[in-house]
$ cat start-v4.txt   # compact mmCIF, C-alpha atoms
# COMPACT_ATOMS: atom_id res chain seq x y z
CA MET A 1 -131.09 -73.20 -27.81
CA SER A 2 -129.27 -76.20 -26.64
CA THR A 3 -126.35 -76.49 -24.28
CA ASP A 4 -124.50 -79.73 -24.03
CA ARG A 5 -123.30 -81.10 -20.76
CA ARG A 6 -119.62 -80.34 -21.46
CA THR A 7 -120.20 -76.62 -22.17
CA PHE A 8 -122.47 -76.22 -19.12
CA LEU A 9 -119.87 -77.72 -16.74
CA GLY A 10 -117.15 -75.59 -18.27
CA VAL A 11 -119.09 -72.34 -17.79
CA MET A 12 -120.01 -73.25 -14.22
CA GLY A 13 -116.40 -74.08 -13.37
CA LEU A 14 -115.12 -70.77 -14.75
CA GLY A 15 -117.79 -68.88 -12.81
CA THR A 16 -116.79 -70.58 -9.53
CA LEU A 17 -113.14 -69.77 -10.17
CA ALA A 18 -113.97 -66.12 -10.83
CA LEU A 19 -115.99 -65.83 -7.59
CA ALA A 20 -113.25 -67.48 -5.53
CA GLY A 21 -110.64 -65.21 -7.06
CA GLU A 22 -112.62 -62.10 -6.29
CA ALA A 23 -113.19 -63.16 -2.68
CA ALA A 24 -109.48 -63.84 -2.21
CA LEU A 25 -108.51 -60.47 -3.69
CA GLY A 26 -111.06 -58.70 -1.50
CA ALA A 27 -109.73 -60.36 1.64
CA ALA A 28 -106.15 -59.42 0.75
CA ALA A 29 -107.13 -55.80 0.11
CA SER A 30 -109.05 -55.39 3.37
CA GLY A 31 -106.21 -57.06 5.25
CA GLU A 32 -103.88 -54.39 3.93
CA ALA A 33 -106.27 -51.62 4.88
CA THR A 34 -106.89 -52.76 8.46
CA GLY A 35 -103.37 -54.10 8.98
CA HIS A 36 -102.01 -53.88 12.50
CA GLY A 37 -100.94 -50.38 13.34
CA SER A 38 -98.28 -49.51 15.88
CA LYS A 39 -100.86 -49.55 18.67
CA ALA A 40 -102.05 -53.08 18.04
CA SER A 41 -98.60 -54.60 17.80
CA ARG A 42 -97.72 -53.59 21.34
CA ARG A 43 -97.72 -56.10 24.17
CA TRP A 44 -97.52 -54.42 27.54
CA ALA A 45 -95.85 -56.41 30.31
CA MET A 46 -94.32 -55.85 33.69
CA VAL A 47 -91.14 -57.30 35.18
CA ILE A 48 -90.86 -57.21 38.95
CA GLN A 49 -87.49 -57.43 40.66
CA PRO A 50 -88.28 -58.72 44.17
CA TYR A 51 -84.74 -58.14 45.45
CA LYS A 52 -85.17 -54.44 44.81
CA CYS A 53 -88.80 -54.45 45.98
CA LEU A 54 -87.79 -55.92 49.35
CA LYS A 55 -85.03 -53.43 50.04
CA GLU A 56 -87.14 -51.40 52.38
CA GLU A 57 -89.30 -53.55 54.59
CA GLY A 58 -92.97 -52.65 54.68
CA CYS A 59 -92.71 -50.19 51.78
CA LYS A 60 -96.14 -49.47 50.34
CA ALA A 61 -95.31 -46.66 47.92
CA CYS A 62 -96.77 -48.43 44.86
CA THR A 63 -99.97 -49.51 46.60
CA GLU A 64 -100.57 -46.08 48.02
CA ALA A 65 -99.93 -44.32 44.72
CA CYS A 66 -102.20 -46.71 42.81
CA HIS A 67 -105.04 -46.64 45.29
CA LYS A 68 -104.90 -42.87 45.46
CA VAL A 69 -105.13 -42.14 41.73
CA HIS A 70 -107.78 -44.79 41.15
CA ASN A 71 -110.02 -43.93 44.12
CA VAL A 72 -109.68 -47.40 45.64
CA PRO A 73 -111.60 -47.51 48.94
CA SER A 74 -110.16 -48.90 52.16
CA PHE A 75 -112.85 -50.59 54.19
CA PRO A 76 -112.23 -51.15 57.90
CA ASP A 77 -113.59 -54.72 57.72
CA ARG A 78 -111.22 -57.08 55.91
CA LYS A 79 -114.04 -59.09 54.37
CA HIS A 80 -115.04 -56.00 52.35
CA GLU A 81 -111.47 -55.37 51.22
CA VAL A 82 -110.94 -53.85 47.76
CA LYS A 83 -107.42 -53.93 46.38
CA TRP A 84 -105.61 -53.40 43.08
CA ILE A 85 -101.98 -54.02 44.06
CA TRP A 86 -100.77 -55.54 47.31
CA LYS A 87 -98.24 -57.86 48.95
CA GLU A 88 -98.91 -61.55 49.41
CA PRO A 89 -96.87 -64.17 51.33
CA TYR A 90 -94.56 -66.04 48.94
CA GLU A 91 -96.24 -69.43 49.33
CA LYS A 92 -99.61 -67.88 48.49
CA ALA A 93 -98.33 -66.00 45.47
CA PHE A 94 -96.40 -68.95 44.03
CA ALA A 95 -97.08 -72.65 44.25
CA ALA A 96 -94.65 -74.89 46.11
CA GLU A 97 -92.82 -76.13 43.03
CA HIS A 98 -90.28 -73.33 43.17
CA GLU A 99 -88.24 -75.11 45.80
CA ARG A 100 -84.95 -73.92 44.37
CA VAL A 101 -85.79 -70.27 44.63
CA ALA A 102 -83.47 -68.57 47.10
CA GLU A 103 -84.63 -68.73 50.68
CA SER A 104 -84.19 -64.99 51.04
CA LEU A 105 -87.05 -64.59 48.58
CA ARG A 106 -89.22 -67.45 49.75
CA GLU A 107 -89.60 -65.98 53.22
CA LYS A 108 -90.62 -62.53 52.06
CA PRO A 109 -93.87 -61.10 50.72
CA VAL A 110 -94.39 -60.76 46.98
CA LEU A 111 -95.92 -57.80 45.19
CA VAL A 112 -98.99 -59.01 43.27
CA PHE A 113 -101.72 -57.50 41.10
CA CYS A 114 -103.71 -58.41 37.99
CA ASN A 115 -101.54 -60.57 35.74
CA HIS A 116 -103.15 -59.33 32.52
CA CYS A 117 -103.15 -62.93 31.29
CA ASN A 118 -103.02 -63.77 27.62
CA ASN A 119 -105.67 -66.39 28.29
CA PRO A 120 -107.75 -64.68 30.98
CA PRO A 121 -110.36 -66.89 32.67
CA CYS A 122 -112.18 -63.81 33.99
CA VAL A 123 -112.88 -62.68 30.43
CA ARG A 124 -114.19 -66.09 29.44
CA VAL A 125 -116.81 -66.17 32.20
CA CYS A 126 -118.05 -62.58 32.02
CA PRO A 127 -121.66 -62.73 30.78
CA THR A 128 -121.86 -59.06 29.73
CA LYS A 129 -118.44 -58.50 28.16
CA ALA A 130 -117.73 -55.98 30.89
CA THR A 131 -114.16 -57.28 30.89
CA TRP A 132 -112.12 -58.16 27.83
CA LYS A 133 -108.59 -58.57 26.52
CA ARG A 134 -107.31 -55.60 24.57
CA GLU A 135 -104.93 -56.05 21.66
CA ASP A 136 -102.13 -54.37 23.60
CA GLY A 137 -102.46 -56.96 26.36
CA VAL A 138 -104.46 -55.02 28.94
CA VAL A 139 -107.31 -56.98 30.55
CA MET A 140 -109.70 -54.06 30.52
CA MET A 141 -112.87 -53.41 32.48
CA ASP A 142 -115.98 -51.46 31.53
CA TRP A 143 -117.56 -50.64 34.87
CA HIS A 144 -120.63 -49.26 33.12
CA ARG A 145 -121.42 -52.76 32.00
CA CYS A 146 -120.57 -54.77 35.13
CA ILE A 147 -123.68 -56.32 36.65
CA GLY A 148 -121.88 -57.58 39.75
CA CYS A 149 -122.40 -61.31 39.16
CA ARG A 150 -118.86 -61.98 40.49
CA TYR A 151 -118.18 -64.83 38.05
CA CYS A 152 -114.84 -63.18 37.25
CA VAL A 153 -113.95 -63.00 40.95
CA ALA A 154 -114.50 -66.74 41.17
CA ALA A 155 -112.66 -67.43 37.90
CA CYS A 156 -109.49 -65.44 38.61
CA PRO A 157 -106.96 -67.83 40.16
CA TYR A 158 -104.91 -64.93 41.53
CA GLY A 159 -107.55 -63.15 43.63
CA SER A 160 -106.90 -60.01 41.59
CA ARG A 161 -110.51 -58.93 41.50
CA SER A 162 -112.42 -57.26 44.32
CA PHE A 163 -116.13 -56.75 44.71
CA ASN A 164 -117.71 -53.65 46.18
CA TRP A 165 -120.00 -55.06 48.85
CA LEU A 166 -120.72 -51.56 50.13
CA ASP A 167 -120.81 -48.07 48.67
CA PRO A 168 -117.10 -47.26 48.32
CA ARG A 169 -117.39 -43.45 48.30
CA PRO A 170 -117.49 -42.86 52.07
CA HIS A 171 -114.38 -45.04 52.42
CA ILE A 172 -112.14 -43.17 50.00
CA GLU A 173 -109.84 -40.93 51.97
CA LYS A 174 -109.47 -38.22 49.31
CA ILE A 175 -111.27 -38.58 46.00
CA THR A 176 -109.24 -37.88 42.86
CA PRO A 177 -111.81 -36.07 40.68
CA ASP A 178 -110.18 -37.01 37.37
CA TYR A 179 -110.89 -40.71 37.90
CA PRO A 180 -114.30 -42.24 38.60
CA THR A 181 -115.10 -44.13 41.75
CA ARG A 182 -117.07 -47.35 41.57
CA THR A 183 -120.48 -48.10 43.05
CA LYS A 184 -121.78 -50.83 45.27
CA GLY A 185 -122.18 -54.05 43.28
CA VAL A 186 -119.31 -53.55 40.83
CA VAL A 187 -116.11 -55.57 40.49
CA GLU A 188 -112.81 -53.74 40.13
CA LYS A 189 -109.16 -54.53 39.54
CA CYS A 190 -105.88 -53.18 38.16
CA THR A 191 -106.20 -51.89 34.59
CA LEU A 192 -102.44 -51.48 34.10
CA CYS A 193 -103.15 -47.73 34.31
CA GLU A 194 -104.52 -47.75 30.78
CA GLU A 195 -105.76 -44.17 31.26
CA ARG A 196 -102.16 -43.11 31.92
CA LEU A 197 -100.74 -45.24 29.10
CA SER A 198 -103.01 -43.47 26.62
CA GLU A 199 -101.45 -40.19 27.74
CA GLY A 200 -97.95 -41.59 27.36
CA LYS A 201 -97.33 -41.92 31.09
CA LEU A 202 -96.01 -44.93 33.00
CA PRO A 203 -98.30 -46.83 35.39
CA ALA A 204 -98.61 -45.11 38.77
CA CYS A 205 -96.97 -48.00 40.68
CA VAL A 206 -93.94 -48.02 38.38
CA GLU A 207 -93.55 -44.29 38.79
CA ALA A 208 -93.96 -44.42 42.56
CA CYS A 209 -91.46 -47.22 43.31
CA PRO A 210 -88.40 -45.63 44.95
CA GLU A 211 -86.19 -48.63 44.01
CA LYS A 212 -87.39 -48.95 40.40
CA ALA A 213 -88.28 -52.56 41.19
CA LEU A 214 -91.16 -52.53 38.71
CA VAL A 215 -90.27 -52.27 35.05
CA PHE A 216 -92.99 -51.67 32.49
CA GLY A 217 -92.68 -51.97 28.74
CA ASP A 218 -93.49 -53.53 25.40
CA LEU A 219 -92.63 -57.22 24.96
CA ASN A 220 -92.95 -56.96 21.18
CA ASP A 221 -90.13 -54.43 21.14
CA ALA A 222 -86.87 -56.38 21.42
CA SER A 223 -84.98 -53.30 22.55
CA SER A 224 -87.34 -52.45 25.43
CA GLU A 225 -86.18 -52.73 29.03
CA VAL A 226 -88.63 -55.53 29.82
CA SER A 227 -87.42 -57.61 26.87
CA GLY A 228 -83.83 -57.10 28.03
CA LEU A 229 -84.64 -58.11 31.59
CA LEU A 230 -86.42 -61.26 30.43
CA GLU A 231 -83.48 -62.20 28.24
CA GLU A 232 -80.85 -61.70 30.92
CA ASN A 233 -82.64 -63.09 33.98
CA PHE A 234 -84.41 -66.20 35.12
CA THR A 235 -88.01 -65.24 35.72
CA ILE A 236 -91.10 -67.01 37.00
CA ARG A 237 -94.78 -66.29 36.64
CA ARG A 238 -97.66 -67.02 39.00
CA LYS A 239 -99.34 -70.41 38.58
CA PRO A 240 -98.22 -71.02 34.98
CA GLU A 241 -99.57 -74.58 35.19
CA LEU A 242 -103.10 -73.18 34.89
CA GLY A 243 -102.42 -72.05 31.33
CA THR A 244 -103.50 -68.47 31.87
CA ASP A 245 -100.21 -67.18 30.42
CA PRO A 246 -99.63 -64.17 32.71
CA GLU A 247 -97.78 -61.06 31.50
CA ILE A 248 -96.29 -60.19 34.90
CA TYR A 249 -92.81 -61.67 35.39
CA TYR A 250 -90.77 -62.02 38.58
CA VAL A 251 -86.97 -62.08 38.44
CA VAL A 252 -85.75 -64.79 40.81
CA GLY A 253 -82.35 -65.77 39.46
CA GLY A 254 -78.99 -64.09 39.90
CA LYS A 255 -77.51 -62.53 42.95
CA PRO A 256 -79.31 -59.85 44.84
CA ASP A 257 -77.54 -56.58 44.01
CA VAL A 258 -79.16 -55.02 47.02
CA HIS A 259 -79.30 -56.00 50.66
CA VAL A 260 -82.41 -58.06 51.48
CA MET B 1 -186.54 -35.55 35.41
CA ARG B 2 -186.58 -34.21 38.95
CA ASP B 3 -182.87 -35.01 39.34
CA ARG B 4 -181.73 -32.65 36.59
CA ALA B 5 -180.03 -30.19 38.95
CA ALA B 6 -178.12 -32.91 40.79
CA ILE B 7 -176.99 -34.47 37.51
CA VAL B 8 -175.74 -31.20 36.07
CA VAL B 9 -173.84 -30.35 39.26
CA GLY B 10 -172.39 -33.86 39.32
CA LEU B 11 -171.26 -33.57 35.69
CA LEU B 12 -169.66 -30.20 36.36
CA VAL B 13 -167.76 -31.58 39.36
CA PHE B 14 -166.67 -34.56 37.30
CA LEU B 15 -165.44 -32.34 34.43
CA PHE B 16 -163.56 -30.14 36.88
CA LEU B 17 -161.85 -33.13 38.47
CA VAL B 18 -160.93 -34.68 35.11
CA THR B 19 -159.45 -31.43 33.81
CA PHE B 20 -157.86 -30.57 37.16
CA PRO B 21 -154.24 -31.06 35.97
CA VAL B 22 -154.83 -28.47 33.25
CA TRP B 23 -156.16 -25.90 35.74
CA TRP B 24 -153.38 -26.70 38.14
CA ASN B 25 -150.70 -26.07 35.50
CA LEU B 26 -152.41 -22.87 34.36
CA ALA B 27 -152.56 -21.65 37.94
CA ALA B 28 -148.89 -22.55 38.52
CA GLY B 29 -148.06 -20.45 35.45
CA PRO B 30 -144.52 -19.12 35.24
CA ALA B 31 -143.23 -21.53 37.89
CA SER B 32 -143.15 -24.30 35.28
CA ALA B 33 -140.89 -22.35 32.91
CA PRO B 34 -137.77 -24.30 31.94
CA PRO B 35 -134.63 -23.35 33.84
CA LYS B 36 -132.18 -20.89 32.33
CA LEU B 37 -128.79 -22.53 32.12
CA PRO B 38 -125.70 -20.44 32.76
CA LEU B 39 -123.26 -20.35 29.85
CA PRO B 40 -119.60 -20.83 30.66
CA ALA B 41 -117.54 -17.67 30.68
CA GLY B 42 -114.75 -17.46 28.16
CA GLU B 43 -115.96 -20.29 25.95
CA LYS B 44 -118.24 -19.76 22.97
CA GLU B 45 -118.26 -23.11 21.25
CA CYS B 46 -119.42 -26.50 22.47
CA VAL B 47 -118.49 -29.85 20.91
CA ALA B 48 -121.70 -29.63 18.83
CA PRO B 49 -124.32 -26.94 18.10
CA ALA B 50 -126.42 -25.94 21.11
CA ALA B 51 -129.64 -27.36 19.64
CA THR B 52 -127.99 -30.75 19.08
CA MET B 53 -126.55 -30.73 22.56
CA ARG B 54 -129.90 -29.81 24.08
CA ALA B 55 -131.72 -32.58 22.25
CA SER B 56 -129.20 -35.41 22.28
CA HIS B 57 -126.34 -34.78 24.71
CA MET B 58 -127.22 -38.08 26.38
CA ASP B 59 -126.66 -40.01 23.14
CA LEU B 60 -123.39 -38.19 22.59
CA LEU B 61 -122.23 -39.05 26.10
CA MET B 62 -123.19 -42.72 25.68
CA THR B 63 -121.34 -42.86 22.35
CA TRP B 64 -118.28 -41.17 23.85
CA ARG B 65 -118.38 -43.60 26.75
CA ASP B 66 -118.29 -46.66 24.48
CA GLN B 67 -115.68 -45.16 22.18
CA TYR B 68 -113.44 -44.18 25.08
CA VAL B 69 -113.71 -47.33 27.16
CA ARG B 70 -114.29 -50.08 24.64
CA GLN B 71 -112.54 -48.84 21.52
CA SER B 72 -109.81 -46.75 23.17
CA ASP B 73 -110.81 -43.89 20.86
CA ARG B 74 -110.00 -41.02 23.16
CA THR B 75 -110.13 -37.89 21.02
CA PHE B 76 -113.16 -36.22 19.46
CA VAL B 77 -112.81 -33.89 16.50
CA GLY B 78 -115.32 -31.10 16.90
CA PRO B 79 -116.42 -28.24 14.65
CA GLY B 80 -113.57 -26.53 12.85
CA GLY B 81 -111.24 -29.47 13.43
CA ARG B 82 -110.86 -28.64 17.12
CA THR B 83 -110.03 -31.70 19.21
CA PHE B 84 -111.52 -32.59 22.56
CA ALA B 85 -110.85 -35.41 24.99
CA ARG B 86 -113.83 -37.74 25.11
CA SER B 87 -114.36 -37.15 28.80
CA LEU B 88 -117.29 -36.05 30.92
CA THR B 89 -115.11 -34.71 33.70
CA LYS B 90 -112.18 -33.41 31.66
CA THR B 91 -114.09 -31.82 28.77
CA CYS B 92 -117.78 -31.18 29.61
CA LEU B 93 -117.28 -30.21 33.23
CA LYS B 94 -114.28 -28.05 32.49
CA CYS B 95 -116.63 -25.46 30.97
CA HIS B 96 -119.89 -26.37 32.66
CA SER B 97 -118.18 -26.57 36.00
CA ASN B 98 -121.24 -25.92 38.12
CA LYS B 99 -123.02 -29.24 38.09
CA GLU B 100 -125.91 -28.07 40.32
CA GLU B 101 -126.82 -25.14 38.08
CA PHE B 102 -126.12 -26.80 34.75
CA CYS B 103 -126.86 -30.53 34.91
CA ASP B 104 -129.08 -30.81 37.93
CA ALA B 105 -131.30 -27.79 37.22
CA CYS B 106 -132.52 -29.26 33.94
CA HIS B 107 -132.60 -32.87 35.08
CA ASN B 108 -134.73 -31.93 38.08
CA TYR B 109 -137.07 -29.94 35.83
CA ALA B 110 -137.42 -32.90 33.45
CA ALA B 111 -137.57 -35.36 36.37
CA VAL B 112 -134.79 -37.58 35.04
CA LYS B 113 -132.14 -39.15 37.24
CA PRO B 114 -129.02 -40.01 35.26
CA TYR B 115 -126.61 -42.20 37.21
CA CYS B 116 -123.40 -40.60 35.85
CA TRP B 117 -122.57 -39.14 39.24
CA ASP B 118 -122.76 -42.43 41.10
CA CYS B 119 -119.20 -42.96 39.84
CA HIS B 120 -117.97 -39.85 38.07
CA VAL B 121 -116.87 -37.02 40.30
CA ALA B 122 -118.10 -33.47 39.81
CA PRO B 123 -115.42 -30.81 40.31
CA PRO B 124 -115.34 -29.67 43.92
CA LYS B 125 -116.75 -26.21 44.65
CA GLU B 126 -113.40 -24.66 45.54
CA ALA B 127 -111.94 -25.63 42.15
CA ARG B 128 -114.50 -23.55 40.23
CA GLY B 129 -113.52 -20.32 38.64
$ encode --input "start-v4.txt" --output "structure tokens"
Amino acid sequence: MSTDRRTFLGVMGLGTLALAGEAALGAAASGEATGHGSKASRRWAMVIQPYKCLKEEGCKACTEACHKVHNVPSFPDRKHEVKWIWKEPYEKAFAAEHERVAESLREKPVLVFCNHCNNPPCVRVCPTKATWKREDGVVMMDWHRCIGCRYCVAACPYGSRSFNWLDPRPHIEKITPDYPTRTKGVVEKCTLCEERLSEGKLPACVEACPEKALVFGDLNDASSEVSGLLEENFTIRRKPELGTDPEIYYVVGGKPDVHV
Amino acid sequence: MRDRAAIVVGLLVFLFLVTFPVWWNLAAGPASAPPKLPLPAGEKECVAPAATMRASHMDLLMTWRDQYVRQSDRTFVGPGGRTFARSLTKTCLKCHSNKEEFCDACHNYAAVKPYCWDCHVAPPKEARG
């Protein structure tokens, strides 16, 4: 049997085309099957309205609510401090470039917590994948897998992560049994109350705020309250020049509709 | 061959010492019986058959842990299509609410020390029915 060069090349070409076609069809079919469901297309974000937050000086309702439901310890020594949500002086929360922000805001503390960045440096450095970015935007932690190397603590430019230098249990005022505590040697931070989100509840801090200064919602939903607030107001984010792309926004424009 | 008596006695002592653990366990007798675990009142069905749970509850818990935390897969469909939350404290401990008599009794018997309770919180005594 003899095959000339022309026939051989023709057969090979057709075979390659057939393989490529099948691969393309397969990819299209699996793309349809695993296509993004409603869960994956969400993008949780938070908009903070400092004018409302500052209405009552020294208010700690959100911090207390959060730390209570998540069994966050309060150590007497500040160098052991563990915190999920707290207030930071303005110049520490934001860099100095926001010179035009109203003085009434610049002199007051700012509510800060994990920014749930779209490009989180803590995730990039974690050697055990104990922290990762979920599709809905939450920068999640798996405390089972944390080995306490503290790379993430060093990588986070916002100081949002705390390390348990001591056993936290004796320093939790009243343990909430539904939520685990952490152990010595584990890093912890805000998880955007993902355990409450999965039950359809709002984050504890949002629920606890008496002034409704924290607004939580889905950025991918154009009709959500957060999308509306972002469209109507001038907002800033913490240290955007670092390229971490935070998902926590602060309304700084407009007139304060409350007394500061 | 004048040492025969000493050799035989020595061998007997040696055999006794080597087989000592066997005698010790035989003498201890019923004390080494496995603990009887209390069954929860008002609940007949677990998330899997009792034999499976006895043999591989630790694998089930590890799988649940990864599915809950890492894949956000929070609900388990048990026998008969019944759904359970994948949660040690909210599902397992709701029925087996007495950790000392259920978990600890067996773990002490088998001399294993799981570290679940370093973080997870057992229901307080006053909350038990």
$ interface_residues --input "start-v4.txt" --of "chain B" --to "chain A" --cutoff "9 Å" --atoms "only C-alpha atoms" --output "ChimeraX atom specification"
/B:65-66,69-70,72,74,89-90,117-124
$ atom_distance --input "start-v4.txt" --atom1 "CA of Cys126 in chain A" --atom2 "CA of Thr244 in chain A"
15.7 Å
$ atom_distance --input "start-v4.txt" --atom1 "CA of Trp24 in chain B" --atom2 "CA of Gly10 in chain B"
20.3 Å
$ residues_around --input "start-v4.txt" --residues "range 228-234 of chain A" --least-positions-apart "3" --cutoff "8 Å" --atoms "all atoms listed in the file" --output "PyMOL selection string"
chain A and resi 47+222-225+251-254
$ write_last_selection --input "start-v4.txt" --atoms "C-alpha atoms" --output "CSV table (one decimal), in the frame of the given file"
chain,number,residue,atom,x,y,z
A,47,VAL,CA,-91.1,-57.3,35.2
A,222,ALA,CA,-86.9,-56.4,21.4
A,223,SER,CA,-85.0,-53.3,22.6
A,224,SER,CA,-87.3,-52.4,25.4
A,225,GLU,CA,-86.2,-52.7,29.0
A,251,VAL,CA,-87.0,-62.1,38.4
A,252,VAL,CA,-85.8,-64.8,40.8
A,253,GLY,CA,-82.4,-65.8,39.5
A,254,GLY,CA,-79.0,-64.1,39.9
$ closest_residue --input "start-v4.txt" --among "A:Pro109, A:Gly148, A:Pro89, A:Gly15" --to "Tyr51 in chain A" --atoms "only C-alpha atoms"
A:Pro109
$ closest_residue --input "start-v4.txt" --among "B:Ala55, B:Cys116, B:Pro40, B:Val47" --to "Val77 in chain B" --atoms "only C-alpha atoms"
B:Val47
$ build_atoms --input "start-v4.txt" --residues "range 72-83 of chain B" --atoms "N, CA and C atoms" --output "CSV table (one decimal), in the frame of the given file"
chain,number,residue,atom,x,y,z
B,72,SER,N,-111.0,-47.6,22.9
B,72,SER,CA,-109.8,-46.8,23.2
B,72,SER,C,-109.7,-45.6,22.2
B,73,ASP,N,-110.8,-45.0,21.8
B,73,ASP,CA,-110.8,-43.9,20.9
B,73,ASP,C,-111.0,-42.6,21.7
B,74,ARG,N,-109.9,-42.0,22.1
B,74,ARG,CA,-110.0,-41.0,23.2
B,74,ARG,C,-110.2,-39.6,22.7
B,75,THR,N,-110.1,-39.3,21.4
B,75,THR,CA,-110.1,-37.9,21.0
B,75,THR,C,-111.3,-37.7,20.1
B,76,PHE,N,-112.0,-36.6,20.3
B,76,PHE,CA,-113.2,-36.2,19.5
B,76,PHE,C,-112.8,-35.0,18.6
B,77,VAL,N,-113.1,-35.0,17.3
B,77,VAL,CA,-112.8,-33.9,16.5
B,77,VAL,C,-114.1,-33.1,16.3
B,78,GLY,N,-114.1,-31.9,16.9
B,78,GLY,CA,-115.3,-31.1,16.9
B,78,GLY,C,-115.4,-30.2,15.7
B,79,PRO,N,-116.3,-29.2,15.8
B,79,PRO,CA,-116.4,-28.2,14.6
B,79,PRO,C,-115.1,-27.5,14.4
B,80,GLY,N,-114.8,-27.3,13.2
B,80,GLY,CA,-113.6,-26.5,12.8
B,80,GLY,C,-112.3,-27.3,13.1
B,81,GLY,N,-112.4,-28.6,13.2
B,81,GLY,CA,-111.2,-29.5,13.4
B,81,GLY,C,-110.6,-29.4,14.8
B,82,ARG,N,-111.4,-28.7,15.8
B,82,ARG,CA,-110.9,-28.6,17.1
B,82,ARG,C,-111.0,-30.0,17.8
B,83,THR,N,-110.0,-30.4,18.6
B,83,THR,CA,-110.0,-31.7,19.2
B,83,THR,C,-110.4,-31.6,20.7
